[in-house]
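Q: Before I ask anything, let me first share the structure, which is written out below as C-alpha coordinates.
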Amino acid sequence: MSMQASQFHRTAETVPPVAGAYVLLVRLAEAVDVALPGRAKAILPPGRYLYCGSARGPGGLRARVGRHMRRDKSIRWHIDRLTMAGTVTGCWIFPVGDECALVARLAALPVPVPGFGSSDCTACRSHLLTWPDGVALPFGAPDVSLPAAGPDVAQVLSVTAMINTVNFTPAERDLIRREFMSRWSEPPQLADGILLKRWATGPRKGEPKLTATVQSLLERGLVTTAETDRGFPRAHFTAAGYAALRAMAASPRHLPPERYGHLIEELARRSKGR
(Lines give C-alpha, C1' and ligand atoms only; values in the text may rest on other atoms or scores of the structure.)
Protein backbone atom coordinates (compact mmCIF):
# COMPACT_ATOMS: atom_id res chain seq x y z
CA MET A 1 0.00 0.00 0.00
CA SER A 2 1.38 3.38 -0.97
CA MET A 3 1.97 5.75 1.92
CA GLN A 4 3.08 8.70 -0.17
CA ALA A 5 1.40 12.06 0.48
CA SER A 6 -2.22 10.94 0.53
CA GLN A 7 -4.65 13.82 0.16
CA PHE A 8 -5.84 15.25 3.46
CA HIS A 9 -9.62 15.73 3.68
CA ARG A 10 -11.11 18.27 6.06
CA THR A 11 -14.73 17.31 5.37
CA ALA A 12 -16.43 14.00 4.59
CA GLU A 13 -17.99 15.47 1.45
CA THR A 14 -14.65 15.33 -0.37
CA VAL A 15 -13.96 11.70 0.62
CA PRO A 16 -14.84 9.15 -2.11
CA PRO A 17 -17.49 6.51 -1.24
CA VAL A 18 -15.11 3.60 -1.75
CA ALA A 19 -13.71 0.88 0.49
CA GLY A 20 -10.33 1.41 2.09
CA ALA A 21 -8.41 2.58 5.14
CA TYR A 22 -7.96 5.98 6.73
CA VAL A 23 -6.01 7.87 9.38
CA LEU A 24 -8.18 10.21 11.43
CA LEU A 25 -6.60 13.28 13.03
CA VAL A 26 -8.21 14.21 16.36
CA ARG A 27 -7.16 17.11 18.56
CA LEU A 28 -7.98 17.14 22.28
CA ALA A 29 -8.05 20.53 23.96
CA GLU A 30 -8.63 18.94 27.38
CA ALA A 31 -7.72 15.64 29.01
CA VAL A 32 -10.13 12.75 28.37
CA ASP A 33 -10.68 9.61 30.44
CA VAL A 34 -10.74 6.40 28.41
CA ALA A 35 -11.95 3.12 29.90
CA LEU A 36 -11.66 -0.07 27.86
CA PRO A 37 -13.29 -3.33 28.96
CA GLY A 38 -10.99 -5.29 31.26
CA ARG A 39 -8.50 -2.44 31.61
CA ALA A 40 -7.99 0.35 34.09
CA LYS A 41 -9.05 3.82 33.05
CA ALA A 42 -6.39 5.77 31.14
CA ILE A 43 -6.13 9.53 30.81
CA LEU A 44 -5.34 11.05 27.43
CA PRO A 45 -3.72 14.47 27.88
CA PRO A 46 -4.43 17.35 25.49
CA GLY A 47 -2.71 16.90 22.16
CA ARG A 48 -2.96 15.35 18.70
CA TYR A 49 -3.97 11.75 18.09
CA LEU A 50 -4.09 9.56 15.00
CA TYR A 51 -6.65 6.79 14.68
CA CYS A 52 -6.24 4.12 11.99
CA GLY A 53 -9.43 2.52 10.74
CA SER A 54 -11.05 0.95 7.71
CA ALA A 55 -14.41 1.08 5.95
CA ARG A 56 -15.80 -1.79 3.88
CA GLY A 57 -19.57 -1.32 4.19
CA PRO A 58 -22.15 0.79 2.34
CA GLY A 59 -20.92 4.30 1.64
CA GLY A 60 -17.31 3.24 2.19
CA LEU A 61 -14.83 5.79 3.46
CA ARG A 62 -17.16 8.76 3.03
CA ALA A 63 -19.82 7.27 5.31
CA ARG A 64 -17.34 6.17 7.97
CA VAL A 65 -15.44 9.46 8.07
CA GLY A 66 -18.73 11.35 8.08
CA ARG A 67 -19.81 9.48 11.19
CA HIS A 68 -16.52 10.25 12.91
CA MET A 69 -16.99 13.95 12.20
CA ARG A 70 -20.55 14.07 13.58
CA ARG A 71 -21.18 14.80 17.24
CA ASP A 72 -24.82 13.67 17.29
CA LYS A 73 -24.18 9.94 17.58
CA SER A 74 -24.24 7.16 20.12
CA ILE A 75 -20.96 5.76 21.44
CA ARG A 76 -20.41 2.53 19.51
CA TRP A 77 -16.63 2.32 19.09
CA HIS A 78 -13.66 3.35 21.21
CA ILE A 79 -12.90 6.27 18.90
CA ASP A 80 -16.38 7.75 19.44
CA ARG A 81 -15.33 8.87 22.91
CA LEU A 82 -12.52 10.96 21.43
CA THR A 83 -14.38 12.37 18.44
CA MET A 84 -17.18 13.56 20.72
CA ALA A 85 -14.80 15.12 23.25
CA GLY A 86 -12.28 16.58 20.81
CA THR A 87 -12.11 18.03 17.32
CA VAL A 88 -11.74 15.92 14.18
CA THR A 89 -9.46 18.07 12.05
CA GLY A 90 -9.66 15.74 9.05
CA CYS A 91 -8.25 12.51 7.68
CA TRP A 92 -5.93 10.90 5.18
CA ILE A 93 -7.54 8.19 3.06
CA PHE A 94 -6.07 5.10 1.40
CA PRO A 95 -8.51 3.40 -1.01
CA VAL A 96 -8.10 -0.39 -0.97
CA GLY A 97 -5.76 0.14 2.00
CA ASP A 98 -5.39 -1.78 5.25
CA GLU A 99 -5.60 -0.20 8.71
CA CYS A 100 -3.01 -2.54 10.26
CA ALA A 101 -0.53 -1.66 7.53
CA LEU A 102 -1.04 2.00 8.43
CA VAL A 103 -0.40 1.27 12.10
CA ALA A 104 2.78 -0.60 11.15
CA ARG A 105 4.08 2.37 9.17
CA LEU A 106 3.37 4.63 12.14
CA ALA A 107 5.01 2.27 14.63
CA ALA A 108 7.52 4.93 15.73
CA LEU A 109 4.73 6.99 17.30
CA PRO A 110 3.79 6.50 20.98
CA VAL A 111 0.87 4.24 21.92
CA PRO A 112 -1.25 6.12 24.49
CA VAL A 113 -3.76 3.32 25.24
CA PRO A 114 -2.96 -0.33 24.41
CA GLY A 115 -5.93 -2.13 22.86
CA PHE A 116 -7.68 1.05 21.73
CA GLY A 117 -9.66 0.26 18.58
CA SER A 118 -7.85 -3.06 18.22
CA SER A 119 -9.74 -5.40 20.55
CA ASP A 120 -10.35 -7.77 17.62
CA CYS A 121 -6.87 -7.33 16.14
CA THR A 122 -4.00 -9.67 16.99
CA ALA A 123 -1.36 -7.76 15.02
CA CYS A 124 -1.51 -4.26 16.56
CA ARG A 125 -1.00 -3.02 20.12
CA SER A 126 -3.40 -0.18 19.41
CA HIS A 127 -5.03 1.62 16.51
CA LEU A 128 -4.66 4.94 18.35
CA LEU A 129 -1.33 6.75 18.31
CA THR A 130 -0.05 10.03 19.69
CA TRP A 131 1.31 12.53 17.14
CA PRO A 132 3.83 14.73 19.01
CA ASP A 133 4.77 18.15 17.68
CA GLY A 134 7.84 18.12 15.47
CA VAL A 135 7.40 14.53 14.25
CA ALA A 136 6.92 14.01 10.51
CA LEU A 137 4.50 11.44 9.11
CA PRO A 138 5.36 9.04 6.25
CA PHE A 139 2.41 10.24 4.16
CA GLY A 140 3.02 13.95 4.63
CA ALA A 141 1.40 16.75 6.61
CA PRO A 142 -2.01 18.36 6.09
CA ASP A 143 -1.95 21.21 3.59
CA VAL A 144 -1.95 24.13 6.00
CA SER A 145 -1.89 26.63 3.15
CA LEU A 146 -5.60 26.17 2.52
CA PRO A 147 -7.74 29.14 3.63
CA ALA A 148 -9.86 26.83 5.79
CA ALA A 149 -6.87 26.08 7.97
CA GLY A 150 -6.23 29.60 9.24
CA PRO A 151 -3.08 30.66 11.11
CA ASP A 152 -4.01 28.95 14.39
CA VAL A 153 -4.66 25.57 12.76
CA ALA A 154 -1.49 25.91 10.72
CA GLN A 155 0.48 26.32 13.92
CA VAL A 156 -1.15 23.26 15.46
CA LEU A 157 -0.60 21.06 12.42
CA SER A 158 2.98 22.06 11.67
CA VAL A 159 5.27 19.05 11.51
CA THR A 160 8.39 21.01 10.74
CA ALA A 161 8.53 22.90 14.03
CA MET A 162 10.89 21.59 16.68
CA ILE A 163 9.46 20.19 19.89
CA ASN A 164 9.40 22.95 22.48
CA THR A 165 11.02 21.42 25.51
CA VAL A 166 8.96 21.80 28.67
CA ASN A 167 11.17 21.71 31.74
CA PHE A 168 10.20 19.74 34.83
CA THR A 169 9.14 21.56 37.96
CA PRO A 170 11.21 21.05 41.14
CA ALA A 171 8.55 18.64 42.47
CA GLU A 172 8.63 16.65 39.23
CA ARG A 173 12.42 16.43 39.31
CA ASP A 174 12.26 15.18 42.91
CA LEU A 175 9.76 12.50 41.88
CA ILE A 176 11.95 11.34 39.00
CA ARG A 177 15.04 11.17 41.19
CA ARG A 178 13.18 9.13 43.83
CA GLU A 179 11.56 6.76 41.35
CA PHE A 180 14.66 6.05 39.28
CA MET A 181 17.37 6.02 41.93
CA SER A 182 19.53 2.91 41.67
CA ARG A 183 18.86 0.87 44.82
CA TRP A 184 19.25 -2.69 43.59
CA SER A 185 21.63 -4.66 41.42
CA GLU A 186 19.43 -3.94 38.40
CA PRO A 187 18.83 -0.18 38.16
CA PRO A 188 15.37 1.09 37.16
CA GLN A 189 14.79 2.14 33.57
CA LEU A 190 12.94 5.21 32.31
CA ALA A 191 11.19 3.01 29.74
CA ASP A 192 9.45 1.16 32.59
CA GLY A 193 7.70 4.35 33.67
CA ILE A 194 6.54 5.42 37.11
CA LEU A 195 4.62 2.84 39.13
CA LEU A 196 1.21 4.09 40.26
CA LYS A 197 -1.05 2.97 43.08
CA ARG A 198 -4.78 2.28 42.76
CA TRP A 199 -7.76 3.60 44.65
CA ALA A 200 -8.71 0.83 47.08
CA THR A 201 -12.20 2.10 47.91
CA GLY A 202 -14.76 4.66 46.85
CA PRO A 203 -16.25 5.53 43.46
CA ARG A 204 -12.83 5.42 41.78
CA LYS A 205 -11.89 2.00 43.15
CA GLY A 206 -9.42 0.24 40.86
CA GLU A 207 -8.42 3.37 38.96
CA PRO A 208 -4.86 4.74 39.03
CA LYS A 209 -4.26 6.97 42.04
CA LEU A 210 -2.57 10.11 40.78
CA THR A 211 -0.52 12.32 43.04
CA ALA A 212 -0.49 16.05 42.41
CA THR A 213 2.94 15.71 40.79
CA VAL A 214 1.89 12.94 38.42
CA GLN A 215 -1.27 14.89 37.59
CA SER A 216 0.92 17.86 36.70
CA LEU A 217 2.99 15.69 34.36
CA LEU A 218 -0.19 14.40 32.72
CA GLU A 219 -1.77 17.80 32.24
CA ARG A 220 1.37 19.11 30.55
CA GLY A 221 1.63 16.12 28.22
CA LEU A 222 4.88 14.78 29.69
CA VAL A 223 3.47 11.35 30.58
CA THR A 224 0.52 9.12 29.76
CA THR A 225 -0.96 6.42 31.98
CA ALA A 226 -1.55 2.84 30.92
CA GLU A 227 -1.77 -0.70 32.23
CA THR A 228 1.26 -2.96 31.90
CA ASP A 229 1.52 -6.69 31.35
CA ARG A 230 2.42 -6.95 35.04
CA GLY A 231 -1.02 -5.78 36.06
CA PHE A 232 0.00 -2.43 37.53
CA PRO A 233 -0.74 1.03 36.12
CA ARG A 234 2.26 3.13 35.21
CA ALA A 235 2.94 6.61 33.92
CA HIS A 236 5.10 6.45 30.78
CA PHE A 237 7.05 9.38 29.41
CA THR A 238 5.88 10.89 26.12
CA ALA A 239 8.16 12.35 23.44
CA ALA A 240 7.86 15.71 25.21
CA GLY A 241 8.67 13.96 28.49
CA TYR A 242 11.85 12.46 27.07
CA ALA A 243 12.84 15.87 25.73
CA ALA A 244 12.44 17.25 29.26
CA LEU A 245 14.47 14.32 30.63
CA ARG A 246 17.32 15.09 28.24
CA ALA A 247 17.26 18.71 29.37
CA MET A 248 17.30 17.54 32.99
CA ALA A 249 20.22 15.18 32.30
CA ALA A 250 22.22 18.07 30.85
CA SER A 251 22.39 19.60 34.34
CA PRO A 252 24.59 17.70 36.84
CA ARG A 253 22.78 19.57 39.60
CA HIS A 254 19.40 18.23 38.51
CA LEU A 255 20.60 14.71 37.65
CA PRO A 256 23.97 13.94 39.29
CA PRO A 257 25.83 11.51 36.98
CA GLU A 258 27.45 9.66 39.89
CA ARG A 259 24.01 8.54 41.09
CA TYR A 260 22.00 8.55 37.87
CA GLY A 261 24.53 7.48 35.28
CA HIS A 262 22.25 4.61 34.27
CA LEU A 263 19.54 7.09 33.25
CA ILE A 264 21.97 9.26 31.31
CA GLU A 265 23.19 6.18 29.44
CA GLU A 266 19.62 5.10 28.70
CA LEU A 267 18.80 8.53 27.27
CA ALA A 268 21.94 8.41 25.13
CA ARG A 269 20.97 4.98 23.75
CA ARG A 270 17.46 6.20 23.03
CA SER A 271 18.77 9.25 21.17
CA LYS A 272 20.92 6.99 19.00
CA GLY A 273 17.97 4.71 18.31
CA ARG A 274 19.53 1.64 19.88
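Identifiers in the C-alpha coordinates: chain A, B, ... in order shown; residue index from 1 per chain; ligand index from 1 in order shown.
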Where in region 4-210 of chain A does DSSP assign strand (DSSP E), given as a PDB file with N, CA and C atoms, in the first residue's frame?

A:
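New file states-v9.pdb:
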ATOM      1  N   PHE A   8      -5.224  15.042   2.161  1.00  0.00           N
ATOM      2  CA  PHE A   8      -5.841  15.250   3.465  1.00  0.00           C
ATOM      3  C   PHE A   8      -7.215  15.874   3.258  1.00  0.00           C
ATOM      4  N   HIS A   9      -8.239  15.261   3.839  1.00  0.00           N
ATOM      5  CA  HIS A   9      -9.616  15.725   3.676  1.00  0.00           C
ATOM      6  C   HIS A   9     -10.103  16.353   4.977  1.00  0.00           C
ATOM      7  N   GLY A  20     -11.741   1.132   1.866  1.00  0.00           N
ATOM      8  CA  GLY A  20     -10.330   1.414   2.088  1.00  0.00           C
ATOM      9  C   GLY A  20     -10.027   1.686   3.546  1.00  0.00           C
ATOM     10  N   ALA A  21      -8.857   2.265   3.788  1.00  0.00           N
ATOM     11  CA  ALA A  21      -8.412   2.584   5.141  1.00  0.00           C
ATOM     12  C   ALA A  21      -8.207   4.088   5.264  1.00  0.00           C
ATOM     13  N   TYR A  22      -8.104   4.549   6.503  1.00  0.00           N
ATOM     14  CA  TYR A  22      -7.957   5.983   6.735  1.00  0.00           C
ATOM     15  C   TYR A  22      -7.190   6.223   8.025  1.00  0.00           C
ATOM     16  N   VAL A  23      -6.647   7.416   8.145  1.00  0.00           N
ATOM     17  CA  VAL A  23      -6.013   7.873   9.382  1.00  0.00           C
ATOM     18  C   VAL A  23      -6.728   9.147   9.793  1.00  0.00           C
ATOM     19  N   LEU A  24      -7.394   9.082  10.930  1.00  0.00           N
ATOM     20  CA  LEU A  24      -8.180  10.207  11.433  1.00  0.00           C
ATOM     21  C   LEU A  24      -7.315  11.054  12.363  1.00  0.00           C
ATOM     22  N   LEU A  25      -7.348  12.363  12.180  1.00  0.00           N
ATOM     23  CA  LEU A  25      -6.605  13.284  13.033  1.00  0.00           C
ATOM     24  C   LEU A  25      -7.568  13.939  14.018  1.00  0.00           C
ATOM     25  N   VAL A  26      -7.350  13.680  15.307  1.00  0.00           N
ATOM     26  CA  VAL A  26      -8.212  14.210  16.365  1.00  0.00           C
ATOM     27  C   VAL A  26      -7.368  15.060  17.302  1.00  0.00           C
ATOM     28  N   ARG A  27      -7.867  16.228  17.631  1.00  0.00           N
ATOM     29  CA  ARG A  27      -7.163  17.114  18.563  1.00  0.00           C
ATOM     30  C   ARG A  27      -7.984  17.242  19.841  1.00  0.00           C
ATOM     31  N   LEU A  28      -7.335  16.994  20.978  1.00  0.00           N
ATOM     32  CA  LEU A  28      -7.980  17.144  22.279  1.00  0.00           C
ATOM     33  C   LEU A  28      -7.488  18.432  22.924  1.00  0.00           C
ATOM     34  N   VAL A  32      -8.951  13.610  28.501  1.00  0.00           N
ATOM     35  CA  VAL A  32     -10.131  12.754  28.365  1.00  0.00           C
ATOM     36  C   VAL A  32      -9.846  11.406  29.024  1.00  0.00           C
ATOM     37  N   ASP A  33     -10.787  10.936  29.842  1.00  0.00           N
ATOM     38  CA  ASP A  33     -10.678   9.607  30.443  1.00  0.00           C
ATOM     39  C   ASP A  33     -11.145   8.566  29.438  1.00  0.00           C
ATOM     40  N   VAL A  34     -10.388   7.484  29.321  1.00  0.00           N
ATOM     41  CA  VAL A  34     -10.744   6.395  28.414  1.00  0.00           C
ATOM     42  C   VAL A  34     -10.733   5.095  29.202  1.00  0.00           C
ATOM     43  N   ALA A  42      -7.578   5.004  31.536  1.00  0.00           N
ATOM     44  CA  ALA A  42      -6.392   5.769  31.140  1.00  0.00           C
ATOM     45  C   ALA A  42      -6.806   7.214  30.894  1.00  0.00           C
ATOM     46  N   ILE A  43      -5.865   8.109  31.030  1.00  0.00           N
ATOM     47  CA  ILE A  43      -6.126   9.531  30.811  1.00  0.00           C
ATOM     48  C   ILE A  43      -5.312   9.998  29.613  1.00  0.00           C
ATOM     49  N   LEU A  44      -6.011  10.495  28.598  1.00  0.00           N
ATOM     50  CA  LEU A  44      -5.341  11.046  27.432  1.00  0.00           C
ATOM     51  C   LEU A  44      -5.163  12.545  27.642  1.00  0.00           C
ATOM     52  N   GLY A  47      -3.701  17.117  23.207  1.00  0.00           N
ATOM     53  CA  GLY A  47      -2.714  16.899  22.157  1.00  0.00           C
ATOM     54  C   GLY A  47      -3.353  16.368  20.893  1.00  0.00           C
ATOM     55  N   ARG A  48      -2.511  15.863  19.989  1.00  0.00           N
ATOM     56  CA  ARG A  48      -2.964  15.349  18.700  1.00  0.00           C
ATOM     57  C   ARG A  48      -2.883  13.827  18.691  1.00  0.00           C
ATOM     58  N   TYR A  49      -3.907  13.204  18.138  1.00  0.00           N
ATOM     59  CA  TYR A  49      -3.968  11.753  18.091  1.00  0.00           C
ATOM     60  C   TYR A  49      -4.353  11.295  16.685  1.00  0.00           C
ATOM     61  N   LEU A  50      -3.797  10.158  16.292  1.00  0.00           N
ATOM     62  CA  LEU A  50      -4.092   9.560  14.997  1.00  0.00           C
ATOM     63  C   LEU A  50      -4.782   8.225  15.223  1.00  0.00           C
ATOM     64  N   TYR A  51      -5.908   8.045  14.573  1.00  0.00           N
ATOM     65  CA  TYR A  51      -6.648   6.788  14.682  1.00  0.00           C
ATOM     66  C   TYR A  51      -6.693   6.121  13.316  1.00  0.00           C
ATOM     67  N   CYS A  52      -6.251   4.874  13.244  1.00  0.00           N
ATOM     68  CA  CYS A  52      -6.237   4.124  11.990  1.00  0.00           C
ATOM     69  C   CYS A  52      -7.450   3.203  11.936  1.00  0.00           C
ATOM     70  N   GLY A  53      -8.236   3.337  10.884  1.00  0.00           N
ATOM     71  CA  GLY A  53      -9.430   2.515  10.742  1.00  0.00           C
ATOM     72  C   GLY A  53      -9.652   2.116   9.300  1.00  0.00           C
ATOM     73  N   SER A  54     -10.718   1.372   9.072  1.00  0.00           N
ATOM     74  CA  SER A  54     -11.050   0.949   7.713  1.00  0.00           C
ATOM     75  C   SER A  54     -12.560   0.992   7.530  1.00  0.00           C
ATOM     76  N   ALA A  55     -12.986   1.032   6.290  1.00  0.00           N
ATOM     77  CA  ALA A  55     -14.408   1.077   5.954  1.00  0.00           C
ATOM     78  C   ALA A  55     -14.649   0.162   4.765  1.00  0.00           C
ATOM     79  N   THR A  87     -11.817  17.477  18.639  1.00  0.00           N
ATOM     80  CA  THR A  87     -12.114  18.035  17.322  1.00  0.00           C
ATOM     81  C   THR A  87     -11.469  17.171  16.248  1.00  0.00           C
ATOM     82  N   VAL A  88     -12.275  16.677  15.317  1.00  0.00           N
ATOM     83  CA  VAL A  88     -11.744  15.921  14.183  1.00  0.00           C
ATOM     84  C   VAL A  88     -11.299  16.927  13.133  1.00  0.00           C
ATOM     85  N   THR A  89      -9.995  17.085  12.983  1.00  0.00           N
ATOM     86  CA  THR A  89      -9.457  18.066  12.046  1.00  0.00           C
ATOM     87  C   THR A  89      -9.588  17.596  10.606  1.00  0.00           C
ATOM     88  N   GLY A  90      -9.553  16.287  10.394  1.00  0.00           N
ATOM     89  CA  GLY A  90      -9.656  15.736   9.054  1.00  0.00           C
ATOM     90  C   GLY A  90      -9.083  14.338   9.015  1.00  0.00           C
ATOM     91  N   CYS A  91      -8.785  13.861   7.806  1.00  0.00           N
ATOM     92  CA  CYS A  91      -8.249  12.507   7.681  1.00  0.00           C
ATOM     93  C   CYS A  91      -7.476  12.347   6.379  1.00  0.00           C
ATOM     94  N   TRP A  92      -6.580  11.373   6.390  1.00  0.00           N
ATOM     95  CA  TRP A  92      -5.927  10.900   5.177  1.00  0.00           C
ATOM     96  C   TRP A  92      -6.638   9.613   4.772  1.00  0.00           C
ATOM     97  N   ILE A  93      -6.858   9.402   3.497  1.00  0.00           N
ATOM     98  CA  ILE A  93      -7.541   8.185   3.061  1.00  0.00           C
ATOM     99  C   ILE A  93      -6.634   7.364   2.154  1.00  0.00           C
ATOM    100  N   PHE A  94      -6.856   6.034   2.187  1.00  0.00           N
ATOM    101  CA  PHE A  94      -6.069   5.096   1.397  1.00  0.00           C
ATOM    102  C   PHE A  94      -7.017   4.060   0.804  1.00  0.00           C
ATOM    103  N   PRO A  95      -7.607   4.358  -0.369  1.00  0.00           N
ATOM    104  CA  PRO A  95      -8.510   3.398  -1.009  1.00  0.00           C
ATOM    105  C   PRO A  95      -7.833   2.040  -1.180  1.00  0.00           C
ATOM    106  N   LEU A 128      -4.760   3.524  17.996  1.00  0.00           N
ATOM    107  CA  LEU A 128      -4.663   4.942  18.349  1.00  0.00           C
ATOM    108  C   LEU A 128      -3.217   5.267  18.686  1.00  0.00           C
ATOM    109  N   LEU A 129      -2.712   6.339  18.098  1.00  0.00           N
ATOM    110  CA  LEU A 129      -1.330   6.752  18.305  1.00  0.00           C
ATOM    111  C   LEU A 129      -1.287   8.235  18.642  1.00  0.00           C
ATOM    112  N   THR A 130      -0.271   8.614  19.387  1.00  0.00           N
ATOM    113  CA  THR A 130      -0.050  10.030  19.688  1.00  0.00           C
ATOM    114  C   THR A 130       0.832  10.632  18.607  1.00  0.00           C
ATOM    115  N   ILE A 194       6.710   5.191  35.670  1.00  0.00           N
ATOM    116  CA  ILE A 194       6.537   5.417  37.107  1.00  0.00           C
ATOM    117  C   ILE A 194       5.380   4.558  37.608  1.00  0.00           C
ATOM    118  N   LEU A 195       5.653   3.715  38.579  1.00  0.00           N
ATOM    119  CA  LEU A 195       4.622   2.836  39.131  1.00  0.00           C
ATOM    120  C   LEU A 195       3.581   3.656  39.895  1.00  0.00           C
ATOM    121  N   LYS A 197      -0.169   3.734  42.206  1.00  0.00           N
ATOM    122  CA  LYS A 197      -1.051   2.972  43.083  1.00  0.00           C
ATOM    123  C   LYS A 197      -2.477   3.042  42.534  1.00  0.00           C
ATOM    124  N   ARG A 198      -3.368   2.263  43.148  1.00  0.00           N
ATOM    125  CA  ARG A 198      -4.776   2.283  42.762  1.00  0.00           C
ATOM    126  C   ARG A 198      -5.628   2.749  43.942  1.00  0.00           C
ATOM    127  N   PRO A 208      -6.170   4.250  38.570  1.00  0.00           N
ATOM    128  CA  PRO A 208      -4.862   4.744  39.026  1.00  0.00           C
ATOM    129  C   PRO A 208      -5.018   5.914  39.992  1.00  0.00           C
ATOM    130  N   LYS A 209      -4.238   5.893  41.047  1.00  0.00           N
ATOM    131  CA  LYS A 209      -4.265   6.967  42.039  1.00  0.00           C
ATOM    132  C   LYS A 209      -3.151   7.947  41.688  1.00  0.00           C
TER     133      LYS A 209
END

Q: Return the single residue from A:Ala212, A:Gly117, A:Gly59, A:Glu266 that is closest to Leu36 (chain A), with distances computed using only C-alpha atoms.

A: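 The shortest atom-to-atom distance to Leu36 (chain A) comes from A:Gly117.
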
Q: Quote the spacing between CA of Leu218 (chain A) and CA of Pro45 (chain A) in Å to one decimal place.

A: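 These atoms are spaced 6.0 Å apart.
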
Q: Pick out the residues sitting within 10 Å of Leu267 (chain A), and hand them over as a PyMOL selection string; count only C-alpha atoms, and ignore anything fewer than 6 positions along from it in its own chain.

A: chain A and resi 189-191+242-243+245-246+249+261+273

Q: Could you write those residues out with N, CA and C atoms, as a PDB file, in the first residue's frame?

A:
ATOM      1  N   GLN A 189      14.687   1.567  34.903  1.00  0.00           N
ATOM      2  CA  GLN A 189      14.787   2.141  33.570  1.00  0.00           C
ATOM      3  C   GLN A 189      13.651   3.137  33.335  1.00  0.00           C
ATOM      4  N   LEU A 190      13.961   4.217  32.640  1.00  0.00           N
ATOM      5  CA  LEU A 190      12.939   5.207  32.307  1.00  0.00           C
ATOM      6  C   LEU A 190      11.825   4.590  31.472  1.00  0.00           C
ATOM      7  N   ALA A 191      12.185   3.636  30.618  1.00  0.00           N
ATOM      8  CA  ALA A 191      11.195   3.007  29.742  1.00  0.00           C
ATOM      9  C   ALA A 191      10.126   2.261  30.525  1.00  0.00           C
ATOM     10  N   TYR A 242      10.451  12.836  27.287  1.00  0.00           N
ATOM     11  CA  TYR A 242      11.852  12.461  27.069  1.00  0.00           C
ATOM     12  C   TYR A 242      12.702  13.684  26.722  1.00  0.00           C
ATOM     13  N   ALA A 243      12.108  14.640  26.014  1.00  0.00           N
ATOM     14  CA  ALA A 243      12.845  15.873  25.729  1.00  0.00           C
ATOM     15  C   ALA A 243      13.172  16.600  27.031  1.00  0.00           C
ATOM     16  N   LEU A 245      13.473  15.138  29.932  1.00  0.00           N
ATOM     17  CA  LEU A 245      14.468  14.315  30.626  1.00  0.00           C
ATOM     18  C   LEU A 245      15.876  14.600  30.109  1.00  0.00           C
ATOM     19  N   ARG A 246      15.994  14.774  28.790  1.00  0.00           N
ATOM     20  CA  ARG A 246      17.319  15.089  28.237  1.00  0.00           C
ATOM     21  C   ARG A 246      17.806  16.447  28.735  1.00  0.00           C
ATOM     22  N   ALA A 249      18.948  15.897  32.245  1.00  0.00           N
ATOM     23  CA  ALA A 249      20.225  15.179  32.305  1.00  0.00           C
ATOM     24  C   ALA A 249      21.406  16.070  31.948  1.00  0.00           C
ATOM     25  N   GLY A 261      23.850   7.772  36.537  1.00  0.00           N
ATOM     26  CA  GLY A 261      24.535   7.485  35.281  1.00  0.00           C
ATOM     27  C   GLY A 261      23.763   6.512  34.408  1.00  0.00           C
ATOM     28  N   GLY A 273      18.881   5.667  18.913  1.00  0.00           N
ATOM     29  CA  GLY A 273      17.969   4.705  18.307  1.00  0.00           C
ATOM     30  C   GLY A 273      18.335   3.270  18.548  1.00  0.00           C
TER      31      GLY A 273
END

Q: Ranking A:Pro233, A:Met181, A:Pro142, A:Ile264 by minimum distance to Gly206 (chain A) and counting only C-alpha atoms, which one comes first?

A: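 For Gly206 (chain A), the nearest of the given residues is A:Pro233.
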
Q: Which residue is closest to His254 (chain A)? Choose from A:Ile176, A:Ala108, A:Ala235, A:Ala31 and count only C-alpha atoms.

A: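 Selected residue with least distance to His254 (chain A): A:Ile176.
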
Q: From the set A:Asp192, A:Tyr260, A:Thr225, A:Arg173, which residue has the shortest atom-to-atom contact distance to Val111 (chain A), counting only C-alpha atoms?

A: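 Nearest candidate to Val111 (chain A) out of A:Asp192, A:Tyr260, A:Thr225, A:Arg173: A:Thr225.
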
Q: Could you tell me how far CA of Leu210 (chain A) lies from CA of Leu196 (chain A), in Å and to one decimal?

A: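 Separation between CA of Leu210 (chain A) and CA of Leu196 (chain A): 7.1 Å.
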
Q: What is the distance between CA of Gly140 (chain A) and CA of His127 (chain A), in Å to one decimal?

A: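 Computing it gives 18.9 Å between the two atoms.
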